[in-house]
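A.B. asks: My file is entry-v4.cif. It has mmCIF, C-alpha atoms and all ligand atoms:
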data_model
loop_
_atom_site.label_atom_id
_atom_site.label_comp_id
_atom_site.auth_asym_id
_atom_site.auth_seq_id
_atom_site.Cartn_x
_atom_site.Cartn_y
_atom_site.Cartn_z
CA MET A 1 90.23 73.98 -19.11
CA ASP A 2 86.66 72.73 -18.99
CA TYR A 3 85.74 73.99 -15.48
CA GLN A 4 83.57 70.90 -14.97
CA PRO A 5 82.63 70.31 -11.31
CA LYS A 6 83.97 67.12 -9.76
CA PRO A 7 83.03 65.42 -6.48
CA GLU A 8 86.32 66.52 -4.90
CA ASP A 9 85.27 70.16 -5.42
CA ARG A 10 82.60 69.53 -2.75
CA PHE A 11 79.99 71.77 -4.34
CA THR A 12 76.66 71.69 -2.57
CA PHE A 13 73.33 73.50 -2.88
CA GLY A 14 70.36 73.72 -0.57
CA LEU A 15 67.03 72.30 -1.73
CA TRP A 16 65.79 75.84 -1.06
CA THR A 17 68.23 77.39 -3.54
CA VAL A 18 67.45 75.74 -6.87
CA GLY A 19 63.99 75.09 -5.42
CA ASN A 20 63.36 78.79 -4.81
CA LEU A 21 60.11 79.78 -6.52
CA GLY A 22 61.00 83.42 -7.05
CA ARG A 23 58.59 84.84 -4.49
CA ASP A 24 59.55 88.29 -3.18
CA PRO A 25 57.85 90.88 -0.95
CA PHE A 26 56.21 92.41 -4.01
CA GLY A 27 55.38 89.36 -6.08
CA GLU A 28 54.04 85.85 -6.09
CA PRO A 29 55.99 82.72 -7.08
CA VAL A 30 57.06 82.63 -10.72
CA ARG A 31 58.20 79.00 -10.94
CA ASP A 32 56.26 75.78 -10.28
CA ALA A 33 57.60 73.79 -7.35
CA LEU A 34 59.79 70.79 -8.11
CA SER A 35 59.79 67.91 -5.63
CA PRO A 36 62.91 67.27 -3.50
CA VAL A 37 63.57 64.19 -5.64
CA GLU A 38 63.41 66.28 -8.84
CA LEU A 39 65.73 68.86 -7.30
CA VAL A 40 68.26 66.18 -6.39
CA HIS A 41 68.25 65.02 -10.02
CA LEU A 42 68.56 68.59 -11.27
CA LEU A 43 71.62 69.18 -9.06
CA ALA A 44 73.21 65.87 -9.95
CA GLY A 45 72.74 66.69 -13.63
CA GLU A 46 74.77 69.87 -13.22
CA GLY A 47 77.59 68.16 -11.31
CA ALA A 48 76.92 69.06 -7.66
CA TRP A 49 78.40 66.80 -4.99
CA GLY A 50 75.85 67.29 -2.25
CA VAL A 51 72.47 68.66 -1.27
CA ASN A 52 71.47 70.30 2.01
CA PHE A 53 68.03 71.03 3.40
CA HIS A 54 65.89 72.55 6.12
CA ASP A 55 63.57 69.99 7.73
CA ASN A 56 60.59 71.50 5.94
CA ASP A 57 62.26 71.69 2.52
CA LEU A 58 61.98 67.92 2.63
CA VAL A 59 59.13 67.13 5.03
CA PRO A 60 56.27 69.65 5.12
CA ILE A 61 55.53 71.00 8.61
CA THR A 62 52.05 69.46 8.37
CA ALA A 63 53.22 65.94 7.39
CA THR A 64 52.18 62.90 9.44
CA THR A 65 54.80 60.37 10.56
CA ALA A 66 53.71 57.99 7.79
CA GLU A 67 54.03 60.75 5.18
CA ARG A 68 57.44 61.69 6.55
CA ASP A 69 58.69 58.12 6.24
CA LEU A 70 57.53 57.88 2.60
CA ILE A 71 59.12 61.22 1.68
CA VAL A 72 62.41 60.30 3.35
CA ALA A 73 62.47 56.89 1.65
CA ASP A 74 61.94 58.51 -1.80
CA PHE A 75 64.64 61.07 -1.07
CA LYS A 76 67.11 58.40 0.05
CA ARG A 77 66.48 56.51 -3.18
CA ALA A 78 67.18 59.67 -5.19
CA LEU A 79 70.47 60.10 -3.29
CA VAL A 80 71.48 56.52 -4.08
CA ASP A 81 70.43 56.88 -7.74
CA THR A 82 72.43 60.09 -8.21
CA GLY A 83 75.33 59.55 -5.80
CA LEU A 84 74.63 62.87 -4.07
CA CYS A 85 75.32 63.14 -0.32
CA VAL A 86 73.83 65.32 2.44
CA PRO A 87 76.76 67.01 4.22
CA MET A 88 74.69 69.63 6.09
CA ALA A 89 71.20 70.05 7.47
CA THR A 90 69.34 72.79 9.28
CA THR A 91 65.96 73.74 10.74
CA ASN A 92 63.36 76.09 9.39
CA LEU A 93 62.81 78.31 12.43
CA PHE A 94 61.57 81.30 10.49
CA ALA A 95 58.68 80.53 8.12
CA ASP A 96 55.92 79.51 10.50
CA PRO A 97 53.99 82.36 12.21
CA ALA A 98 54.83 80.72 15.56
CA PHE A 99 58.36 82.01 15.01
CA ARG A 100 57.42 85.54 14.04
CA ASP A 101 59.22 86.88 17.14
CA GLY A 102 62.09 84.40 16.98
CA ALA A 103 62.59 80.79 17.97
CA PHE A 104 65.32 80.27 20.58
CA THR A 105 65.08 83.95 21.57
CA SER A 106 61.32 84.34 21.46
CA ASN A 107 59.86 86.03 24.52
CA ASP A 108 57.38 83.16 24.73
CA PRO A 109 58.67 80.09 26.65
CA LYS A 110 56.28 77.85 24.66
CA VAL A 111 57.76 79.03 21.37
CA ARG A 112 61.28 78.48 22.72
CA ALA A 113 60.40 74.94 23.81
CA TYR A 114 58.69 74.22 20.48
CA ALA A 115 61.80 75.48 18.65
CA LEU A 116 63.93 73.05 20.65
CA GLN A 117 61.57 70.17 19.90
CA LYS A 118 61.50 71.02 16.17
CA THR A 119 65.29 71.29 16.06
CA MET A 120 65.86 67.94 17.84
CA ARG A 121 63.56 66.29 15.29
CA ALA A 122 65.31 68.07 12.44
CA ILE A 123 68.70 67.00 13.78
CA ASP A 124 67.45 63.38 13.86
CA LEU A 125 66.39 63.74 10.22
CA GLY A 126 69.68 65.34 9.18
CA VAL A 127 71.73 62.67 10.91
CA GLU A 128 69.57 59.93 9.37
CA LEU A 129 70.53 61.28 5.95
CA GLY A 130 74.23 61.56 6.76
CA ALA A 131 74.71 65.22 7.73
CA LYS A 132 77.94 66.00 9.58
CA VAL A 133 77.40 69.74 9.98
CA TYR A 134 74.29 71.34 11.45
CA VAL A 135 73.68 75.01 10.67
CA PHE A 136 71.99 77.47 13.00
CA TRP A 137 70.84 80.52 11.11
CA GLY A 138 68.91 82.71 13.51
CA GLY A 139 66.86 84.46 10.87
CA ARG A 140 64.08 85.55 13.22
CA GLU A 141 66.28 85.86 16.32
CA GLY A 142 66.12 89.61 16.66
CA THR A 143 63.87 92.63 16.98
CA GLU A 144 62.17 95.45 15.15
CA SER A 145 62.05 97.57 18.30
CA ASP A 146 64.37 97.09 21.24
CA ALA A 147 61.46 98.02 23.49
CA THR A 148 60.18 94.49 22.83
CA LYS A 149 63.02 92.26 23.96
CA ASN A 150 65.82 92.26 26.51
CA THR A 151 69.00 91.65 24.51
CA VAL A 152 70.98 90.03 27.34
CA GLU A 153 68.03 87.75 28.17
CA ALA A 154 67.71 86.86 24.51
CA LEU A 155 71.38 85.93 24.30
CA LYS A 156 70.96 83.86 27.46
CA HIS A 157 68.06 81.98 25.87
CA PHE A 158 70.04 81.50 22.67
CA ARG A 159 72.98 80.09 24.68
CA GLU A 160 70.72 77.75 26.68
CA ALA A 161 69.18 76.39 23.48
CA LEU A 162 72.54 75.75 21.82
CA ASN A 163 73.89 74.09 24.98
CA PHE A 164 70.77 71.94 25.23
CA LEU A 165 71.06 70.82 21.61
CA ALA A 166 74.77 70.06 21.87
CA SER A 167 74.06 67.88 24.92
CA TYR A 168 71.19 66.20 23.09
CA CYS A 169 73.55 65.25 20.26
CA GLN A 170 76.14 63.98 22.69
CA ASP A 171 73.47 61.85 24.39
CA GLN A 172 72.40 60.40 21.06
CA GLY A 173 76.01 59.71 20.07
CA TYR A 174 75.63 61.90 16.96
CA ASP A 175 78.83 62.83 15.14
CA LEU A 176 77.70 66.37 14.38
CA ARG A 177 79.33 69.77 14.52
CA PHE A 178 77.35 73.00 14.67
CA ALA A 179 77.88 76.10 12.56
CA LEU A 180 76.36 79.46 13.52
CA GLU A 181 75.43 81.59 10.51
CA PRO A 182 75.44 85.33 11.21
CA LYS A 183 73.37 87.90 9.34
CA PRO A 184 72.82 91.58 10.21
CA ASN A 185 69.17 91.99 9.22
CA GLU A 186 66.34 90.53 7.10
CA PRO A 187 63.90 89.17 7.93
CA ARG A 188 64.27 91.00 11.28
CA SER A 189 65.19 94.65 11.41
CA ASP A 190 68.16 93.65 13.56
CA ILE A 191 69.29 90.05 14.01
CA PHE A 192 71.30 88.97 17.06
CA LEU A 193 74.91 87.88 16.39
CA PRO A 194 75.03 90.02 13.22
CA THR A 195 78.55 89.27 12.01
CA VAL A 196 81.10 86.47 11.91
CA GLY A 197 83.09 88.26 14.60
CA ALA A 198 80.06 88.41 16.90
CA ALA A 199 79.36 84.69 16.40
CA LEU A 200 82.99 83.75 17.06
CA ALA A 201 82.92 85.63 20.34
CA PHE A 202 79.58 84.07 21.37
CA ILE A 203 80.87 80.54 20.80
CA HIS A 204 83.29 80.99 23.69
CA THR A 205 80.40 81.57 26.07
CA LEU A 206 78.93 78.12 25.30
CA ASP A 207 79.43 74.95 27.37
CA ARG A 208 81.08 73.05 24.49
CA PRO A 209 82.83 75.67 22.31
CA ASP A 210 84.74 72.87 20.54
CA LYS A 211 81.47 71.64 18.97
CA PHE A 212 80.61 75.04 17.50
CA GLY A 213 82.01 76.93 14.55
CA VAL A 214 80.64 79.35 11.99
CA ASN A 215 78.97 79.28 8.60
CA PRO A 216 79.94 82.65 7.12
CA GLU A 217 77.87 83.85 4.16
CA LEU A 218 79.33 86.19 1.57
CA ALA A 219 76.13 88.19 1.13
CA HIS A 220 75.59 88.62 4.86
CA GLU A 221 78.98 90.21 5.52
CA GLN A 222 78.62 92.38 2.41
CA MET A 223 75.21 93.56 3.63
CA SER A 224 77.12 94.92 6.64
CA GLY A 225 79.71 96.47 4.34
CA LEU A 226 82.40 94.11 5.61
CA ASN A 227 85.22 92.26 3.87
CA PHE A 228 84.07 88.64 3.55
CA MET A 229 87.50 87.12 3.05
CA HIS A 230 88.73 88.79 6.23
CA ALA A 231 85.81 87.29 8.17
CA VAL A 232 86.50 83.85 6.69
CA ALA A 233 90.20 84.17 7.45
CA GLN A 234 89.48 85.04 11.07
CA ALA A 235 87.16 82.04 11.37
CA TRP A 236 89.83 79.82 9.80
CA ASP A 237 92.50 81.20 12.09
CA ALA A 238 90.31 80.33 15.08
CA GLY A 239 89.74 76.77 13.78
CA LYS A 240 86.06 77.61 13.35
CA LEU A 241 85.39 77.51 9.61
CA PHE A 242 82.97 74.56 9.68
CA HIS A 243 80.97 75.50 6.58
CA ILE A 244 80.59 78.36 4.10
CA ASP A 245 77.68 79.92 2.18
CA LEU A 246 78.68 81.34 -1.19
CA ASN A 247 76.59 83.77 -3.19
CA ASP A 248 76.86 87.45 -4.09
CA GLN A 249 75.41 90.79 -3.21
CA LYS A 250 75.76 94.50 -3.78
CA PRO A 251 76.95 96.01 -0.50
CA GLY A 252 74.34 97.60 1.73
CA ARG A 253 71.30 96.20 -0.11
CA TYR A 254 68.55 93.80 0.87
CA ASP A 255 69.51 90.12 0.82
CA GLN A 256 70.03 89.55 -2.90
CA ASP A 257 71.38 85.98 -2.94
CA PHE A 258 72.95 86.37 -6.37
CA ARG A 259 74.86 83.67 -8.22
CA PHE A 260 78.40 83.30 -6.84
CA GLY A 261 80.69 85.84 -8.51
CA ALA A 262 77.82 87.66 -10.24
CA GLU A 263 78.64 90.98 -8.62
CA SER A 264 81.93 91.18 -6.71
CA ILE A 265 84.53 89.54 -8.92
CA LYS A 266 87.54 90.67 -6.94
CA ALA A 267 86.05 89.62 -3.59
CA ALA A 268 85.15 86.24 -5.09
CA PHE A 269 88.73 85.83 -6.28
CA PHE A 270 90.27 86.62 -2.89
CA LEU A 271 87.85 84.25 -1.19
CA VAL A 272 88.53 81.30 -3.52
CA GLN A 273 92.25 82.01 -3.38
CA PHE A 274 92.07 81.94 0.41
CA LEU A 275 90.04 78.72 0.66
CA GLU A 276 92.26 76.92 -1.83
CA ASN A 277 95.55 78.17 -0.37
CA VAL A 278 94.75 77.17 3.19
CA GLY A 279 93.34 73.83 2.06
CA TYR A 280 89.78 74.26 3.39
CA SER A 281 88.25 70.82 2.97
CA GLY A 282 84.59 71.46 3.82
CA SER A 283 81.62 71.96 1.53
CA ARG A 284 81.54 74.85 -0.91
CA HIS A 285 77.88 75.50 -0.42
CA PHE A 286 76.00 77.86 -2.72
CA ASP A 287 73.24 79.61 -0.81
CA ALA A 288 71.94 81.64 -3.72
CA HIS A 289 68.83 82.02 -5.85
CA ALA A 290 68.38 82.31 -9.59
CA TYR A 291 66.96 85.64 -10.73
CA ARG A 292 63.20 85.89 -10.45
CA THR A 293 63.16 86.06 -14.24
CA ALA A 294 64.57 82.53 -14.58
CA ASP A 295 62.75 79.44 -15.84
CA TYR A 296 64.18 76.02 -14.90
CA ASP A 297 66.61 76.02 -17.83
CA ASP A 298 67.94 79.25 -16.46
CA VAL A 299 67.95 77.85 -12.90
CA ARG A 300 70.24 75.10 -14.22
CA ALA A 301 72.44 77.74 -15.85
CA PHE A 302 72.50 79.54 -12.50
CA ALA A 303 73.69 76.40 -10.66
CA ARG A 304 76.32 75.69 -13.32
CA GLY A 305 77.40 79.31 -13.19
CA CYS A 306 78.05 79.24 -9.42
CA MET A 307 80.33 76.21 -9.74
CA ARG A 308 81.96 77.33 -12.96
CA THR A 309 82.88 80.73 -11.55
CA TYR A 310 84.36 79.07 -8.47
CA LEU A 311 86.52 76.84 -10.68
CA ILE A 312 87.55 79.76 -12.89
CA MET A 313 88.62 81.67 -9.77
CA LYS A 314 90.52 78.61 -8.58
CA ALA A 315 92.40 78.52 -11.90
CA LYS A 316 93.05 82.27 -11.60
CA ALA A 317 94.48 81.72 -8.12
CA GLN A 318 96.87 79.14 -9.57
CA GLN A 319 97.81 81.57 -12.32
CA PHE A 320 98.43 84.26 -9.68
CA ALA A 321 100.75 81.87 -7.80
CA GLN A 322 102.67 81.11 -11.00
CA ASP A 323 102.86 84.62 -12.46
CA LYS A 324 106.54 85.59 -12.40
CA GLU A 325 106.01 89.35 -12.27
CA ILE A 326 103.40 89.10 -9.52
CA GLN A 327 105.50 86.74 -7.46
CA GLU A 328 108.62 88.94 -7.82
CA LEU A 329 106.63 91.91 -6.57
CA LEU A 330 105.31 89.87 -3.63
CA GLN A 331 108.83 88.77 -2.78
CA ALA A 332 110.05 92.36 -2.82
CA ILE A 333 107.10 93.50 -0.69
CA ASN A 334 107.74 90.76 1.88
CA ALA A 335 111.52 91.06 1.86
CA ASP A 336 113.17 90.40 5.20
CA ASP A 337 116.92 90.97 5.68
CA GLY A 338 116.83 89.19 9.04
CA SER A 339 118.00 92.21 11.03
CA MET A 340 114.78 92.28 13.10
CA HIS A 341 114.75 88.59 14.03
CA GLN A 342 116.43 89.55 17.29
CA PHE A 343 113.19 91.31 18.30
CA SER A 344 110.55 88.94 16.93
CA GLY A 345 108.75 86.03 18.55
CA ALA A 346 107.99 85.68 22.23
CA TYR A 347 108.67 88.40 24.75
CA SER A 348 111.79 88.46 26.89
CA ALA A 349 113.03 91.25 29.15
CA ASP A 350 116.33 91.35 27.24
CA LYS A 351 114.53 91.67 23.92
CA ALA A 352 112.38 94.49 25.24
CA THR A 353 115.44 96.35 26.57
CA ALA A 354 117.34 95.92 23.30
CA LEU A 355 114.32 96.99 21.22
CA LYS A 356 113.78 100.11 23.33
CA ALA A 357 117.41 101.09 22.76
CA PHE A 358 117.52 100.33 19.00
CA ALA A 359 117.98 103.29 16.61
CA PHE A 360 115.45 103.10 13.71
CA ASP A 361 115.78 105.14 10.53
CA ARG A 362 112.15 106.32 10.72
CA VAL A 363 112.43 108.55 7.67
CA ALA A 364 113.73 105.68 5.51
CA LEU A 365 110.82 103.47 6.71
CA GLY A 366 108.38 106.12 5.57
CA GLN A 367 110.07 106.47 2.20
CA ARG A 368 110.27 102.84 1.23
CA GLY A 369 108.49 102.15 -2.09
CA LEU A 370 105.41 99.93 -1.91
CA PRO A 371 104.39 98.94 -5.46
CA TYR A 372 100.82 98.05 -4.50
CA GLU A 373 99.31 99.88 -7.49
CA ARG A 374 101.42 97.78 -9.85
CA LEU A 375 100.53 94.59 -8.02
CA ASP A 376 96.80 95.29 -7.95
CA GLN A 377 96.75 96.26 -11.64
CA LEU A 378 98.46 92.97 -12.49
CA LEU A 379 95.74 91.17 -10.55
CA ILE A 380 93.02 93.13 -12.35
CA GLU A 381 94.55 92.29 -15.74
CA LEU A 382 94.80 88.66 -14.73
CA LEU A 383 91.12 88.65 -13.71
CA LEU A 384 90.12 90.45 -16.92
CA GLY A 385 91.88 87.77 -18.92
CA VAL A 386 94.59 89.84 -20.59
CA ARG A 387 97.46 88.16 -18.71
C1 LIG A 401 69.17 83.53 4.42
C2 LIG A 401 70.08 82.48 5.00
C3 LIG A 401 69.55 81.10 4.87
C4 LIG A 401 70.34 80.09 5.66
C5 LIG A 401 69.66 78.78 5.69
C6 LIG A 401 70.50 77.69 6.29
O1 LIG A 401 69.64 84.65 4.26
O2 LIG A 401 67.99 83.24 4.17
O3 LIG A 401 71.31 82.59 4.33
O4 LIG A 401 69.49 80.73 3.52
O5 LIG A 401 71.62 79.93 5.12
O6 LIG A 401 68.47 78.93 6.41
O7 LIG A 401 70.43 77.76 7.62
MN MN A 402 71.48 84.49 3.18
MN MN A 403 72.93 81.26 4.20
#
Transcribe the structure of this file into structure tokens.

C.D. replies:
Amino acid sequence: MDYQPKPEDRFTFGLWTVGNLGRDPFGEPVRDALSPVELVHLLAGEGAWGVNFHDNDLVPITATTAERDLIVADFKRALVDTGLCVPMATTNLFADPAFRDGAFTSNDPKVRAYALQKTMRAIDLGVELGAKVYVFWGGREGTESDATKNTVEALKHFREALNFLASYCQDQGYDLRFALEPKPNEPRSDIFLPTVGAALAFIHTLDRPDKFGVNPELAHEQMSGLNFMHAVAQAWDAGKLFHIDLNDQKPGRYDQDFRFGAESIKAAFFLVQFLENVGYSGSRHFDAHAYRTADYDDVRAFARGCMRTYLIMKAKAQQFAQDKEIQELLQAINADDGSMHQFSGAYSADKATALKAFAFDRVALGQRGLPYERLDQLLIELLLGVR
């Protein structure tokens, strides 16, 4: 197998990912900036299908309307020349000092209104370039000290902003769905809606819950010490998996944004297996950065590596599904002799009465063999390439 990315794999990167200059809290940029057009060509050269951006990845916050139009025209030409599409767009509501205490949840009504204005303009730009999903990552929506902000008020402001923007899109006739991206911390000490579960619950307090889903990120759930695949599965089960951010991360650390599969091989496998088995058809978006040590050759290797590891995991998932020993174990584990069908499914008073009266062999239930060690070792050997 060559593990070459194809358009149907729907691999995307943000301009900010391969365009990351390697700045960190302790050090200055280590790579020269490439233009958006150069980044599009870089991604196309490695086999990506699409490119996503924040408004200001493409159009600097200081640009005039005339400058904006020139930049957008150049970018559109690069998309046509390379065949790349723009499936997702988003707003930078975190870099400018105006947003240092949040955007939609800032205590300052002027900042909240400016955030709405900036987002409407960014939505216009995203739609102009073909985006179908719009991501809301509330990077600065949070606090350092809870003395500074009323949490319920902040959530109310967040809700009002999302409702306003959904209505704006409806008014404009935009065919756009929104994906909330949770993160527990960084850059704020605590960010509101810290996990996928929190975002899923919040969506049901909005005016148009059908328009909103989630954009789970592997690193963000792992920062919280959570199981990413479980979060993704819950989003899928709720019909809310609108987008996904793939990268990697040691649990409990700062936001590391490693190459997909660089750290948590088993978690990466379960995730890819899940997405492929359920038939997730959205973007596989890599929201990761090359190591700070990388030059642009290594940045290319980083982008290739993300996609290649995904495809290797996809092949491993197929191997798992075809492995006779593994499948026999799974069949034994999930065996069902049909004797409990009388109690399953929807409630009825008769069922409840019969179930209350049924005599279970509790001791036998506790003694049944569960060959999970054998199964997991087979998976490990498959992943390590000795099966
Ligand atoms: C992060 C986030 C961002 C968002 C991006 C898109 O930790 O910085 O993951 O990269 O995904 O802003 O909204
Ligand atoms: Mn992130
Ligand atoms: Mn992200």

A.B. asks: Nearest residue to ligand MN 402 (chain A) out of A:Trp16, A:Asn227, A:Lys351, A:Tyr134, using only C-alpha atoms and all ligand atoms?

C.D. replies: A:Trp16

A.B. asks: Compile a residue-level contact table for chain A against ligand MN 403 (chain A) at a cut-off of 12 Å, reporting for every qualifying residue the shortest atom pair and its distance in Å to one decimal, with all atoms listed in the file counted, rows ordered by chain and ascending number, as JSON lines.

C.D. replies:
{"residue": "A:Phe13", "atom": "CA", "partner": "A:MN403", "partner_atom": "MN", "distance": 10.5}
{"residue": "A:Gly14", "atom": "CA", "partner": "A:MN403", "partner_atom": "MN", "distance": 9.3}
{"residue": "A:Trp16", "atom": "CA", "partner": "A:MN403", "partner_atom": "MN", "distance": 10.4}
{"residue": "A:Thr17", "atom": "CA", "partner": "A:MN403", "partner_atom": "MN", "distance": 9.8}
{"residue": "A:Asn52", "atom": "CA", "partner": "A:MN403", "partner_atom": "MN", "distance": 11.3}
{"residue": "A:Phe53", "atom": "CA", "partner": "A:MN403", "partner_atom": "MN", "distance": 11.4}
{"residue": "A:His54", "atom": "CA", "partner": "A:MN403", "partner_atom": "MN", "distance": 11.4}
{"residue": "A:Met88", "atom": "CA", "partner": "A:MN403", "partner_atom": "MN", "distance": 11.9}
{"residue": "A:Ala89", "atom": "CA", "partner": "A:MN403", "partner_atom": "MN", "distance": 11.8}
{"residue": "A:Thr90", "atom": "CA", "partner": "A:MN403", "partner_atom": "MN", "distance": 10.5}
{"residue": "A:Val135", "atom": "CA", "partner": "A:MN403", "partner_atom": "MN", "distance": 9.0}
{"residue": "A:Phe136", "atom": "CA", "partner": "A:MN403", "partner_atom": "MN", "distance": 9.6}
{"residue": "A:Trp137", "atom": "CA", "partner": "A:MN403", "partner_atom": "MN", "distance": 7.3}
{"residue": "A:Gly138", "atom": "CA", "partner": "A:MN403", "partner_atom": "MN", "distance": 10.2}
{"residue": "A:Gly139", "atom": "CA", "partner": "A:MN403", "partner_atom": "MN", "distance": 9.6}
{"residue": "A:Ala179", "atom": "CA", "partner": "A:MN403", "partner_atom": "MN", "distance": 11.0}
{"residue": "A:Leu180", "atom": "CA", "partner": "A:MN403", "partner_atom": "MN", "distance": 10.1}
{"residue": "A:Glu181", "atom": "CA", "partner": "A:MN403", "partner_atom": "MN", "distance": 6.8}
{"residue": "A:Pro182", "atom": "CA", "partner": "A:MN403", "partner_atom": "MN", "distance": 8.5}
{"residue": "A:Lys183", "atom": "CA", "partner": "A:MN403", "partner_atom": "MN", "distance": 8.4}
{"residue": "A:Pro184", "atom": "CA", "partner": "A:MN403", "partner_atom": "MN", "distance": 11.9}
{"residue": "A:Glu186", "atom": "CA", "partner": "A:MN403", "partner_atom": "MN", "distance": 11.7}
{"residue": "A:Val214", "atom": "CA", "partner": "A:MN403", "partner_atom": "MN", "distance": 11.1}
{"residue": "A:Asn215", "atom": "CA", "partner": "A:MN403", "partner_atom": "MN", "distance": 7.7}
{"residue": "A:Pro216", "atom": "CA", "partner": "A:MN403", "partner_atom": "MN", "distance": 7.7}
{"residue": "A:Glu217", "atom": "CA", "partner": "A:MN403", "partner_atom": "MN", "distance": 5.6}
{"residue": "A:Leu218", "atom": "CA", "partner": "A:MN403", "partner_atom": "MN", "distance": 8.5}
{"residue": "A:Ala219", "atom": "CA", "partner": "A:MN403", "partner_atom": "MN", "distance": 8.2}
{"residue": "A:His220", "atom": "CA", "partner": "A:MN403", "partner_atom": "MN", "distance": 7.9}
{"residue": "A:Glu221", "atom": "CA", "partner": "A:MN403", "partner_atom": "MN", "distance": 10.9}
{"residue": "A:His243", "atom": "CA", "partner": "A:MN403", "partner_atom": "MN", "distance": 10.2}
{"residue": "A:Ile244", "atom": "CA", "partner": "A:MN403", "partner_atom": "MN", "distance": 8.2}
{"residue": "A:Asp245", "atom": "CA", "partner": "A:MN403", "partner_atom": "MN", "distance": 5.3}
{"residue": "A:Leu246", "atom": "CA", "partner": "A:MN403", "partner_atom": "MN", "distance": 7.9}
{"residue": "A:Asn247", "atom": "CA", "partner": "A:MN403", "partner_atom": "MN", "distance": 8.6}
{"residue": "A:Asp248", "atom": "CA", "partner": "A:MN403", "partner_atom": "MN", "distance": 11.1}
{"residue": "A:Asp255", "atom": "CA", "partner": "A:MN403", "partner_atom": "MN", "distance": 10.1}
{"residue": "A:Gln256", "atom": "CA", "partner": "A:MN403", "partner_atom": "MN", "distance": 11.3}
{"residue": "A:Asp257", "atom": "CA", "partner": "A:MN403", "partner_atom": "MN", "distance": 8.7}
{"residue": "A:Phe258", "atom": "CA", "partner": "A:MN403", "partner_atom": "MN", "distance": 11.7}
{"residue": "A:Arg284", "atom": "CA", "partner": "A:MN403", "partner_atom": "MN", "distance": 11.9}
{"residue": "A:His285", "atom": "CA", "partner": "A:MN403", "partner_atom": "MN", "distance": 8.9}
{"residue": "A:Phe286", "atom": "CA", "partner": "A:MN403", "partner_atom": "MN", "distance": 8.3}
{"residue": "A:Asp287", "atom": "CA", "partner": "A:MN403", "partner_atom": "MN", "distance": 5.3}
{"residue": "A:Ala288", "atom": "CA", "partner": "A:MN403", "partner_atom": "MN", "distance": 8.0}
{"residue": "A:His289", "atom": "CA", "partner": "A:MN403", "partner_atom": "MN", "distance": 10.9}

A.B. asks: For a test of reading the model, state the distance in Å between CA of Gly239 in chain A and CA of Ala262 in chain A, rounded to one decimal.

C.D. replies: 28.9 Å

A.B. asks: Could you jot down the CA of Arg374 in chain A to CA of Phe274 in chain A separation for me, Å, one decimal place?

C.D. replies: 21.1 Å

A.B. asks: Taking all atoms listed in the file into account, name the residue in A:Val232, A:Ser339, A:Gln222, A:Phe320 that is nearest to ligand MN 402 (chain A).

C.D. replies: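 Among the listed residues, A:Gln222 lies closest to ligand MN 402 (chain A).
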